[in-house]
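In what follows, a single structure is set out as structure tokens and then discussed.
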Amino acid sequence: MQDDEDLQDISDSGSRLSGRLKRYAKVGSSVGGLAAQVVGNRVLGTGLNSAKHSAELKRALGGLKGPLMKAAQILATIPDALPKEYAEELRQLQSNAPSMGWLFVKRRMKTELGVGWQKKFQSFEQEAVAAASLGQVHRAIDLDGQELACKLQYPDMISAVEADLKQLALLFGIYRRYDKAIDPSNILQELTDRLREELDYQREAQNMGLYGVMLADEKHVCVPSAVPELTTNRLITMNWLDGVPLLDHIRSHENNLEMRNQVAMNMFHAWYVPFYKYGVIHGDPHLGNYSIRENGDVNLLDFGCIRVFDASFVKGVIDLYFGLERDDEDLAVQAYESWGFQIQNREMLDTLNIWAHFLYGPLLQDRKRTIVDDYKGGAYGAEVANKVHQELRRLGGVKPPREFVLMDRAAVGLGSVFMHLKAEINWHQLFHELISDFDHLALHERQTSALNKFDVSIPTTV
């Protein structure tokens, strides 16, 4: 006789196909209806209940549990990019997306750890403490009394991600037909490869170990340790790290600029020490992937989306900085071309430099300042991006290197963090302290040693 779990299994497997077919209809109708009401509000003055519809949008996107939800997370991270009500609702998708129930959890844990999986823990909480785009987290205690975080991947996520990637390829194809400013083919390939990697929790455990080594000397950045015997391709278990979401920490230290600055510097080191010392970037700095301790220390919580770069790429990043700082056009061109850009004329160089000056701006000024000077907000970056886009379209367009995808994502995400913090720091000094002893050959040696230790490789670019 079949028990309730078996009956639920049959029901679930029968509904997954129809569920996938409904994914885009669901979000399409929600977003489409919202868009219609936004237009009605602005053109006809019909009065939009933004609080109600932002909640509806969160529910629709939260149900997708895949790359499309990640896009919503990124939007919610950028100050001023969305109306306040939408940003607040979508922000909750960083760590509070709708979770799967206890029946799913029991089935997945039994599949990953065996029939007697509960005997491997003193306790295992039935309710998820966090749920995001690819998986949900449960708190547990092991047989030695250590607090754990167990992240379970949602069911059928391989199919869900592949479906999202097909939709993304379609959207990029449509975009390319009417707008030649940017050839997105490299972007699509990079996103495809990295998103598929995120589904492998064994790989994430290796990345976690790598980050533990790279940040070992950073006293204000905390990296958990994976528990190998409780980790599989779809389950990753690590020691629990106490902390609160960034925005909650900001609210409790609203009048403490020194604390906010300390958090900003800790975040800077958490992301850029691995990049400039080992050629590794964490490509997903949205608000659910880290937490803040009461003293301002940063807990890194998710290691699914990392990118390893050849040492020559990192050298190009520093070469471009000095090219801009010294007004050395030859060095700037050398940096662009080392990444694969074709600088065919002066106009192309000037256009790329507009965006470069925006990204490097805080590092080029030797003074304390906010990350976007005078706190111009997220709209300022959009203005610069639009200007660059128009010029690139006029000049025939560019094909950004694959490596730029997660670099830009990290820069935008961290810039948003620093804007939320309203941090006032001498970014120039912070950057120079980090790169003062840069040597791309020494980086290559450090990188090779660390990657080999955890069986992590540099992604291919062909």
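The way I read the labels, and the way they are meant: chains A, B, ... in the order of the structure tokens, residue 1 as the first residue of every chain, and ligand 1 as the first ligand shown, with later ones counted on from there.
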
Wanna dump the region 238-306 of chain A-region 137-160 of chain A contacts at 6 Å for me, each residue with its shortest atom pair and the distance in Å to one decimal, counting only C-alpha atoms, ordered by chain and number, as a Markdown table?
```
| residue | atom | partner | partner_atom | distance |
| --- | --- | --- | --- | --- |
| A:Met238 | CA | A:Ala149 | CA | 5.4 |
| A:Asn239 | CA | A:Leu148 | CA | 4.4 |
| A:Trp240 | CA | A:Leu148 | CA | 4.6 |
```

Atoms kept (N, CA and C atoms) for selection, written as a tab-separated table (two decimals), in the first residue's frame:
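What follows is the written file result.tsv:
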```tsv
chain	number	residue	atom	x	y	z
A	238	MET	N	26.85	23.06	5.60
A	238	MET	CA	27.98	23.85	6.09
A	238	MET	C	27.70	24.28	7.53
A	239	ASN	N	28.72	24.74	8.24
A	239	ASN	CA	28.48	25.25	9.58
A	239	ASN	C	27.69	26.54	9.52
A	240	TRP	N	26.85	26.76	10.51
A	240	TRP	CA	25.95	27.91	10.56
A	240	TRP	C	26.72	29.16	10.98
```

Please provide the set of residues having any atom within 10 Å of Thr351 (chain A), restricted to only C-alpha atoms, with same-chain residues fewer than 6 positions apart removed, written as a compact mmCIF listing (two decimals) with all heavy atoms, in the first residue's frame.
```
# COMPACT_ATOMS: atom_id res chain seq x y z
N LYS A 387 24.01 56.58 -22.49
CA LYS A 387 24.87 57.39 -23.36
C LYS A 387 25.88 56.50 -24.10
O LYS A 387 26.08 56.63 -25.32
CB LYS A 387 25.61 58.45 -22.54
CG LYS A 387 26.55 59.32 -23.36
CD LYS A 387 27.24 60.35 -22.48
CE LYS A 387 28.18 61.23 -23.31
NZ LYS A 387 28.87 62.24 -22.44
N VAL A 388 26.50 55.58 -23.36
CA VAL A 388 27.47 54.66 -23.97
C VAL A 388 26.77 53.78 -25.00
O VAL A 388 27.30 53.54 -26.10
CB VAL A 388 28.15 53.81 -22.89
CG1 VAL A 388 29.01 52.72 -23.52
CG2 VAL A 388 29.01 54.69 -21.98
N HIS A 389 25.59 53.30 -24.66
CA HIS A 389 24.84 52.43 -25.56
C HIS A 389 24.54 53.13 -26.88
O HIS A 389 24.72 52.55 -27.97
CB HIS A 389 23.54 52.01 -24.88
CG HIS A 389 22.78 50.96 -25.62
ND1 HIS A 389 22.96 49.61 -25.40
CD2 HIS A 389 21.85 51.05 -26.59
CE1 HIS A 389 22.17 48.92 -26.20
NE2 HIS A 389 21.47 49.77 -26.93
N GLN A 390 24.11 54.37 -26.81
CA GLN A 390 23.78 55.12 -28.02
C GLN A 390 25.01 55.32 -28.90
O GLN A 390 24.95 55.18 -30.13
CB GLN A 390 23.18 56.48 -27.65
CG GLN A 390 21.79 56.38 -27.05
CD GLN A 390 21.24 57.73 -26.64
OE1 GLN A 390 21.96 58.73 -26.63
NE2 GLN A 390 19.96 57.78 -26.30
N GLU A 391 26.15 55.60 -28.27
CA GLU A 391 27.38 55.81 -29.03
C GLU A 391 27.86 54.50 -29.67
O GLU A 391 28.30 54.49 -30.82
CB GLU A 391 28.47 56.39 -28.12
CG GLU A 391 28.30 57.85 -27.81
CD GLU A 391 28.35 58.70 -29.08
OE1 GLU A 391 29.38 58.69 -29.77
OE2 GLU A 391 27.32 59.33 -29.39
N LEU A 392 27.79 53.40 -28.92
CA LEU A 392 28.20 52.12 -29.48
C LEU A 392 27.33 51.73 -30.67
O LEU A 392 27.83 51.19 -31.67
CB LEU A 392 28.13 51.03 -28.41
CG LEU A 392 29.18 51.11 -27.28
CD1 LEU A 392 28.93 50.02 -26.26
CD2 LEU A 392 30.60 51.01 -27.84
N LEU A 395 28.46 53.62 -33.63
CA LEU A 395 29.79 53.22 -34.11
C LEU A 395 29.83 51.80 -34.66
O LEU A 395 30.88 51.34 -35.10
CB LEU A 395 30.81 53.36 -32.97
CG LEU A 395 31.07 54.78 -32.47
CD1 LEU A 395 31.92 54.75 -31.21
CD2 LEU A 395 31.77 55.61 -33.56
```

Members of region 306-355 of chain A assigned alpha helix (DSSP H) by DSSP, as a compact mmCIF listing (two decimals) with all heavy atoms, in the first residue's frame:
```txt
# COMPACT_ATOMS: atom_id res chain seq x y z
N ALA A 311 45.42 35.23 -15.23
CA ALA A 311 46.16 36.35 -14.62
C ALA A 311 46.27 37.54 -15.57
O ALA A 311 46.27 38.70 -15.12
CB ALA A 311 47.55 35.89 -14.19
N SER A 312 46.33 37.30 -16.88
CA SER A 312 46.44 38.40 -17.84
C SER A 312 45.20 39.27 -17.85
O SER A 312 45.28 40.48 -18.13
CB SER A 312 46.71 37.84 -19.24
OG SER A 312 45.63 37.03 -19.68
N PHE A 313 44.03 38.69 -17.56
CA PHE A 313 42.81 39.48 -17.51
C PHE A 313 42.86 40.47 -16.34
O PHE A 313 42.51 41.64 -16.47
CB PHE A 313 41.59 38.57 -17.36
CG PHE A 313 40.28 39.32 -17.31
CD1 PHE A 313 39.58 39.61 -18.46
CD2 PHE A 313 39.76 39.74 -16.09
CE1 PHE A 313 38.39 40.32 -18.41
CE2 PHE A 313 38.57 40.44 -16.02
CZ PHE A 313 37.88 40.72 -17.20
N VAL A 314 43.32 39.99 -15.18
CA VAL A 314 43.44 40.86 -14.01
C VAL A 314 44.45 41.96 -14.28
O VAL A 314 44.24 43.12 -13.91
CB VAL A 314 43.84 40.04 -12.77
CG1 VAL A 314 43.86 40.93 -11.53
CG2 VAL A 314 42.87 38.88 -12.56
N LYS A 315 45.54 41.62 -14.95
CA LYS A 315 46.53 42.64 -15.32
C LYS A 315 45.89 43.71 -16.19
O LYS A 315 46.18 44.91 -16.03
CB LYS A 315 47.70 41.99 -16.07
CG LYS A 315 48.80 42.96 -16.51
CD LYS A 315 49.94 42.22 -17.20
CE LYS A 315 51.07 43.17 -17.57
NZ LYS A 315 50.63 44.19 -18.57
N GLY A 316 45.00 43.31 -17.10
CA GLY A 316 44.31 44.28 -17.94
C GLY A 316 43.45 45.24 -17.14
O GLY A 316 43.36 46.43 -17.46
N VAL A 317 42.80 44.73 -16.08
CA VAL A 317 41.98 45.59 -15.22
C VAL A 317 42.84 46.67 -14.59
O VAL A 317 42.45 47.85 -14.52
CB VAL A 317 41.28 44.74 -14.15
CG1 VAL A 317 40.55 45.63 -13.15
CG2 VAL A 317 40.30 43.77 -14.80
N ILE A 318 44.02 46.30 -14.11
CA ILE A 318 44.91 47.27 -13.46
C ILE A 318 45.55 48.19 -14.50
O ILE A 318 45.70 49.40 -14.28
CB ILE A 318 45.97 46.52 -12.63
CG1 ILE A 318 45.28 45.79 -11.47
CG2 ILE A 318 47.03 47.48 -12.11
CD1 ILE A 318 46.21 44.97 -10.61
N ASP A 319 45.90 47.64 -15.66
CA ASP A 319 46.47 48.47 -16.73
C ASP A 319 45.48 49.56 -17.15
O ASP A 319 45.88 50.72 -17.38
CB ASP A 319 46.83 47.62 -17.95
CG ASP A 319 48.11 46.82 -17.75
OD1 ASP A 319 48.86 47.13 -16.81
OD2 ASP A 319 48.36 45.89 -18.55
N LEU A 320 44.21 49.22 -17.27
CA LEU A 320 43.23 50.22 -17.67
C LEU A 320 43.10 51.30 -16.60
O LEU A 320 42.99 52.50 -16.92
CB LEU A 320 41.87 49.57 -17.93
CG LEU A 320 40.75 50.54 -18.36
CD1 LEU A 320 41.15 51.32 -19.61
CD2 LEU A 320 39.45 49.78 -18.61
N TYR A 321 43.14 50.89 -15.34
CA TYR A 321 43.09 51.88 -14.27
C TYR A 321 44.22 52.90 -14.41
O TYR A 321 43.99 54.12 -14.38
CB TYR A 321 43.17 51.21 -12.90
CG TYR A 321 43.41 52.20 -11.78
CD1 TYR A 321 42.36 52.94 -11.25
CD2 TYR A 321 44.69 52.44 -11.29
CE1 TYR A 321 42.57 53.88 -10.25
CE2 TYR A 321 44.91 53.37 -10.28
CZ TYR A 321 43.86 54.09 -9.77
OH TYR A 321 44.08 55.02 -8.79
N PHE A 322 45.45 52.40 -14.57
CA PHE A 322 46.58 53.32 -14.68
C PHE A 322 46.54 54.10 -16.00
O PHE A 322 47.00 55.25 -16.07
CB PHE A 322 47.90 52.57 -14.54
CG PHE A 322 48.22 52.19 -13.11
CD1 PHE A 322 48.33 50.86 -12.74
CD2 PHE A 322 48.40 53.16 -12.15
CE1 PHE A 322 48.60 50.51 -11.42
CE2 PHE A 322 48.68 52.83 -10.83
CZ PHE A 322 48.78 51.50 -10.46
N GLY A 323 45.98 53.50 -17.05
CA GLY A 323 45.81 54.22 -18.29
C GLY A 323 44.91 55.42 -18.11
O GLY A 323 45.18 56.52 -18.65
N LEU A 324 43.83 55.25 -17.33
CA LEU A 324 42.92 56.37 -17.06
C LEU A 324 43.56 57.37 -16.10
O LEU A 324 43.45 58.59 -16.30
CB LEU A 324 41.62 55.84 -16.46
CG LEU A 324 40.79 54.90 -17.34
CD1 LEU A 324 39.61 54.36 -16.55
CD2 LEU A 324 40.30 55.61 -18.60
N GLU A 325 44.22 56.88 -15.06
CA GLU A 325 44.80 57.77 -14.05
C GLU A 325 45.91 58.64 -14.64
O GLU A 325 46.01 59.83 -14.32
CB GLU A 325 45.36 56.94 -12.89
CG GLU A 325 45.90 57.79 -11.75
CD GLU A 325 46.60 56.98 -10.68
OE1 GLU A 325 47.45 56.14 -11.03
OE2 GLU A 325 46.29 57.17 -9.50
N GLU A 329 46.86 56.80 -23.17
CA GLU A 329 45.95 56.15 -24.12
C GLU A 329 46.50 54.82 -24.62
O GLU A 329 45.74 53.87 -24.84
CB GLU A 329 45.67 57.08 -25.30
CG GLU A 329 44.82 58.29 -24.93
CD GLU A 329 44.47 59.11 -26.15
OE1 GLU A 329 44.95 58.77 -27.26
OE2 GLU A 329 43.74 60.10 -26.00
N ASP A 330 47.80 54.74 -24.82
CA ASP A 330 48.39 53.50 -25.32
C ASP A 330 48.16 52.36 -24.32
O ASP A 330 47.85 51.23 -24.72
CB ASP A 330 49.89 53.68 -25.56
CG ASP A 330 50.17 54.58 -26.76
OD1 ASP A 330 49.27 54.72 -27.61
OD2 ASP A 330 51.28 55.14 -26.84
N LEU A 331 48.31 52.66 -23.03
CA LEU A 331 48.11 51.64 -22.01
C LEU A 331 46.63 51.23 -21.94
O LEU A 331 46.31 50.05 -21.78
CB LEU A 331 48.57 52.14 -20.64
CG LEU A 331 48.58 51.12 -19.50
CD1 LEU A 331 49.43 49.90 -19.84
CD2 LEU A 331 49.09 51.77 -18.19
N ALA A 332 45.73 52.21 -22.09
CA ALA A 332 44.30 51.90 -22.08
C ALA A 332 43.94 51.00 -23.26
O ALA A 332 43.21 50.01 -23.11
CB ALA A 332 43.48 53.19 -22.12
N VAL A 333 44.45 51.34 -24.45
CA VAL A 333 44.18 50.53 -25.64
C VAL A 333 44.74 49.12 -25.45
O VAL A 333 44.09 48.12 -25.80
CB VAL A 333 44.78 51.19 -26.89
CG1 VAL A 333 44.73 50.23 -28.08
CG2 VAL A 333 44.04 52.47 -27.23
N GLN A 334 45.93 49.03 -24.88
CA GLN A 334 46.54 47.72 -24.62
C GLN A 334 45.65 46.89 -23.71
O GLN A 334 45.47 45.68 -23.93
CB GLN A 334 47.91 47.92 -23.96
CG GLN A 334 48.61 46.63 -23.56
CD GLN A 334 49.94 46.90 -22.86
OE1 GLN A 334 50.76 47.69 -23.33
NE2 GLN A 334 50.13 46.27 -21.70
N ALA A 335 45.06 47.52 -22.69
CA ALA A 335 44.19 46.80 -21.77
C ALA A 335 42.94 46.30 -22.50
O ALA A 335 42.58 45.12 -22.38
CB ALA A 335 43.79 47.71 -20.60
N TYR A 336 42.28 47.18 -23.26
CA TYR A 336 41.07 46.77 -23.99
C TYR A 336 41.37 45.63 -24.95
O TYR A 336 40.61 44.65 -25.03
CB TYR A 336 40.49 47.96 -24.76
CG TYR A 336 39.82 49.01 -23.92
CD1 TYR A 336 40.21 50.34 -23.99
CD2 TYR A 336 38.76 48.67 -23.07
CE1 TYR A 336 39.58 51.32 -23.23
CE2 TYR A 336 38.13 49.63 -22.30
CZ TYR A 336 38.54 50.96 -22.38
OH TYR A 336 37.91 51.92 -21.63
N GLU A 337 42.45 45.76 -25.67
CA GLU A 337 42.77 44.74 -26.68
C GLU A 337 43.20 43.43 -26.04
O GLU A 337 42.99 42.36 -26.63
CB GLU A 337 43.84 45.28 -27.63
CG GLU A 337 43.32 46.42 -28.51
CD GLU A 337 44.34 46.92 -29.53
OE1 GLU A 337 45.55 46.63 -29.33
OE2 GLU A 337 43.93 47.61 -30.49
N SER A 338 43.76 43.49 -24.83
CA SER A 338 44.12 42.24 -24.15
C SER A 338 42.88 41.44 -23.78
O SER A 338 42.95 40.22 -23.60
CB SER A 338 44.94 42.54 -22.89
OG SER A 338 44.13 43.06 -21.85
N ARG A 346 39.39 56.41 -32.76
CA ARG A 346 39.43 57.20 -31.53
C ARG A 346 38.05 57.28 -30.86
O ARG A 346 37.92 57.28 -29.63
CB ARG A 346 39.94 58.60 -31.87
CG ARG A 346 39.99 59.58 -30.69
CD ARG A 346 40.86 59.03 -29.57
NE ARG A 346 40.90 59.90 -28.43
CZ ARG A 346 41.85 60.80 -28.23
NH1 ARG A 346 42.81 60.94 -29.13
NH2 ARG A 346 41.84 61.56 -27.16
N GLU A 347 37.01 57.34 -31.67
CA GLU A 347 35.66 57.44 -31.12
C GLU A 347 35.31 56.21 -30.28
O GLU A 347 34.67 56.34 -29.23
CB GLU A 347 34.64 57.62 -32.25
CG GLU A 347 34.62 59.00 -32.87
CD GLU A 347 33.54 59.12 -33.93
OE1 GLU A 347 33.57 58.32 -34.88
OE2 GLU A 347 32.66 60.00 -33.78
N MET A 348 35.73 55.04 -30.75
CA MET A 348 35.46 53.82 -29.99
C MET A 348 36.18 53.86 -28.65
O MET A 348 35.63 53.50 -27.61
CB MET A 348 35.87 52.59 -30.78
CG MET A 348 35.65 51.26 -30.06
SD MET A 348 33.91 50.93 -29.68
CE MET A 348 33.31 50.48 -31.33
N LEU A 349 37.44 54.30 -28.65
CA LEU A 349 38.20 54.41 -27.41
C LEU A 349 37.53 55.38 -26.45
O LEU A 349 37.36 55.08 -25.26
CB LEU A 349 39.63 54.87 -27.71
CG LEU A 349 40.52 55.13 -26.48
CD1 LEU A 349 40.70 53.85 -25.67
CD2 LEU A 349 41.87 55.71 -26.91
N ASP A 350 37.12 56.55 -26.96
CA ASP A 350 36.48 57.54 -26.10
C ASP A 350 35.18 57.02 -25.51
O ASP A 350 34.86 57.29 -24.35
CB ASP A 350 36.21 58.83 -26.90
CG ASP A 350 37.49 59.58 -27.26
OD1 ASP A 350 38.54 59.29 -26.62
OD2 ASP A 350 37.45 60.44 -28.16
N THR A 351 34.43 56.27 -26.31
CA THR A 351 33.15 55.74 -25.83
C THR A 351 33.36 54.71 -24.73
O THR A 351 32.69 54.74 -23.69
CB THR A 351 32.36 55.11 -26.99
OG1 THR A 351 32.10 56.12 -27.97
CG2 THR A 351 31.04 54.54 -26.50
N LEU A 352 34.29 53.78 -24.95
CA LEU A 352 34.58 52.79 -23.91
C LEU A 352 35.12 53.45 -22.65
O LEU A 352 34.83 53.02 -21.53
CB LEU A 352 35.59 51.76 -24.43
CG LEU A 352 35.09 50.83 -25.54
CD1 LEU A 352 36.22 49.93 -26.03
CD2 LEU A 352 33.92 49.98 -25.06
N ASN A 353 35.85 54.54 -22.83
CA ASN A 353 36.41 55.23 -21.67
C ASN A 353 35.34 55.95 -20.84
O ASN A 353 35.54 56.19 -19.64
CB ASN A 353 37.48 56.23 -22.11
CG ASN A 353 38.83 55.57 -22.32
OD1 ASN A 353 39.05 54.43 -21.92
ND2 ASN A 353 39.74 56.28 -22.98
N ILE A 354 34.21 56.31 -21.47
CA ILE A 354 33.12 56.92 -20.70
C ILE A 354 32.65 55.94 -19.63
O ILE A 354 32.50 56.29 -18.46
CB ILE A 354 31.94 57.30 -21.62
CG1 ILE A 354 32.34 58.44 -22.57
CG2 ILE A 354 30.72 57.71 -20.79
CD1 ILE A 354 31.29 58.74 -23.62
N TRP A 355 32.43 54.68 -20.04
CA TRP A 355 31.99 53.67 -19.08
C TRP A 355 33.10 53.34 -18.09
O TRP A 355 32.84 53.16 -16.90
CB TRP A 355 31.54 52.42 -19.84
CG TRP A 355 30.96 51.35 -18.97
CD1 TRP A 355 31.43 50.09 -18.77
CD2 TRP A 355 29.77 51.44 -18.17
NE1 TRP A 355 30.62 49.39 -17.91
CE2 TRP A 355 29.59 50.19 -17.53
CE3 TRP A 355 28.84 52.46 -17.95
CZ2 TRP A 355 28.53 49.95 -16.67
CZ3 TRP A 355 27.78 52.21 -17.07
CH2 TRP A 355 27.63 50.97 -16.45
```

Q: Between CA of Arg108 (chain A) and CA of Leu168 (chain A), measure the distance and give it in Å to one decimal.
A: 28.7 Å

Return as CSV the residues of region 413-437 of chain A lying at most 12 Å from region 274-281 of chain A, together with the closest atom-to-atom pair for each and the distance in Å to one decimal, counting only C-alpha atoms, with rows in chain order and ascending residue number.
```
residue,atom,partner,partner_atom,distance
A:Leu414,CA,A:Ile281,CA,11.8
A:Phe431,CA,A:Tyr276,CA,9.9
A:His432,CA,A:Tyr276,CA,11.1
A:Glu433,CA,A:Tyr276,CA,11.1
A:Leu434,CA,A:Tyr276,CA,7.4
A:Ile435,CA,A:Tyr276,CA,6.9
A:Ser436,CA,A:Tyr276,CA,10.3
A:Asp437,CA,A:Lys277,CA,9.6
```

Q | Residues near Arg260 (chain A), cut-off 8 Å, only C-alpha atoms, skip fewer than 4 positions along chain, as a list in words | A |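 Final neighbour list, sorted by chain and number: Ile250, His253, Asn256, Ala264, Gly296, Leu421, Lys422 and Ala423 of chain A.
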
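Residues within 6 Å of region 181-193 of chain A, counting only C-alpha atoms and excluding same-chain residues fewer than 6 positions away, are Leu392, Arg393, Gly397, Val398, Lys399 and Arg402 of chain A.
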
Keeping only N, CA and C atoms, write the selected residues to a file as a PDB file, in the first residue's frame.
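What landed in out-v2.pdb:
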```
ATOM      1  N   LEU A 392      27.786  53.404 -28.923  1.00  0.00           N
ATOM      2  CA  LEU A 392      28.201  52.120 -29.480  1.00  0.00           C
ATOM      3  C   LEU A 392      27.330  51.732 -30.672  1.00  0.00           C
ATOM      4  N   ARG A 393      26.044  51.996 -30.575  1.00  0.00           N
ATOM      5  CA  ARG A 393      25.153  51.682 -31.687  1.00  0.00           C
ATOM      6  C   ARG A 393      25.529  52.506 -32.914  1.00  0.00           C
ATOM      7  N   GLY A 397      28.824  48.968 -32.902  1.00  0.00           N
ATOM      8  CA  GLY A 397      28.683  47.973 -31.853  1.00  0.00           C
ATOM      9  C   GLY A 397      29.968  47.287 -31.429  1.00  0.00           C
ATOM     10  N   VAL A 398      29.893  46.571 -30.298  1.00  0.00           N
ATOM     11  CA  VAL A 398      31.026  45.805 -29.770  1.00  0.00           C
ATOM     12  C   VAL A 398      30.527  44.434 -29.311  1.00  0.00           C
ATOM     13  N   LYS A 399      31.460  43.534 -29.149  1.00  0.00           N
ATOM     14  CA  LYS A 399      31.160  42.204 -28.630  1.00  0.00           C
ATOM     15  C   LYS A 399      31.929  42.032 -27.320  1.00  0.00           C
ATOM     16  N   ARG A 402      33.437  37.406 -22.674  1.00  0.00           N
ATOM     17  CA  ARG A 402      32.653  36.628 -21.715  1.00  0.00           C
ATOM     18  C   ARG A 402      33.001  37.009 -20.277  1.00  0.00           C
TER      19      ARG A 402
END
```

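Restricting the calculation to only C-alpha atoms, the smallest distance between His286 (chain A) and any of A:Ile343, A:Val221, A:Leu246, A:Leu257 is found for A:Leu246.
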
Q) Which of these, A:Ile425, A:Ala130, A:Val456, A:Met109, has the shortest distance to Arg203 (chain A) once you count only C-alpha atoms? A)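 Looking only at the distances to Arg203 (chain A), the closest residue turns out to be A:Val456.
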
(Q) Please extract the residues of region 118-200 of chain A with a backbone DSSP assignment of strand (DSSP E) and present them as a list of chain:residue names. (A)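 Here is the list: A:Phe121, A:Gln122, A:Ser123, A:Phe124, A:Ala130, A:Ala131, A:Gly135, A:Gln136, A:Val137, A:His138, A:Arg139, A:Ala140, A:Ile141, A:Asp142, A:Glu147, A:Leu148, A:Ala149, A:Cys150, A:Lys151, A:Leu152, A:Gln153.
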
Store the residues picked out above, limited to C-alpha atoms, as an mmCIF file, in the first residue's frame.
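Below is the file that was written, out_34.cif:
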```
data_model
loop_
_atom_site.group_PDB
_atom_site.id
_atom_site.type_symbol
_atom_site.label_atom_id
_atom_site.label_comp_id
_atom_site.auth_asym_id
_atom_site.auth_seq_id
_atom_site.Cartn_x
_atom_site.Cartn_y
_atom_site.Cartn_z
ATOM 1 C CA PHE A 121 21.360 14.914 12.923
ATOM 2 C CA GLN A 122 20.396 15.716 16.506
ATOM 3 C CA SER A 123 17.712 17.968 15.028
ATOM 4 C CA PHE A 124 16.580 19.256 11.634
ATOM 5 C CA ALA A 130 15.743 31.026 3.799
ATOM 6 C CA ALA A 131 14.559 30.263 0.271
ATOM 7 C CA GLY A 135 17.351 26.123 -3.297
ATOM 8 C CA GLN A 136 16.227 26.595 0.295
ATOM 9 C CA VAL A 137 18.114 26.458 3.591
ATOM 10 C CA HIS A 138 17.209 24.500 6.732
ATOM 11 C CA ARG A 139 18.836 24.864 10.103
ATOM 12 C CA ALA A 140 20.083 21.674 11.766
ATOM 13 C CA ILE A 141 22.359 20.384 14.536
ATOM 14 C CA ASP A 142 24.781 17.538 13.929
ATOM 15 C CA GLU A 147 24.835 24.170 14.213
ATOM 16 C CA LEU A 148 24.503 23.578 10.475
ATOM 17 C CA ALA A 149 22.924 25.145 7.410
ATOM 18 C CA CYS A 150 21.591 22.579 4.911
ATOM 19 C CA LYS A 151 20.814 23.934 1.451
ATOM 20 C CA LEU A 152 18.513 21.752 -0.637
ATOM 21 C CA GLN A 153 18.107 22.247 -4.365
#
```
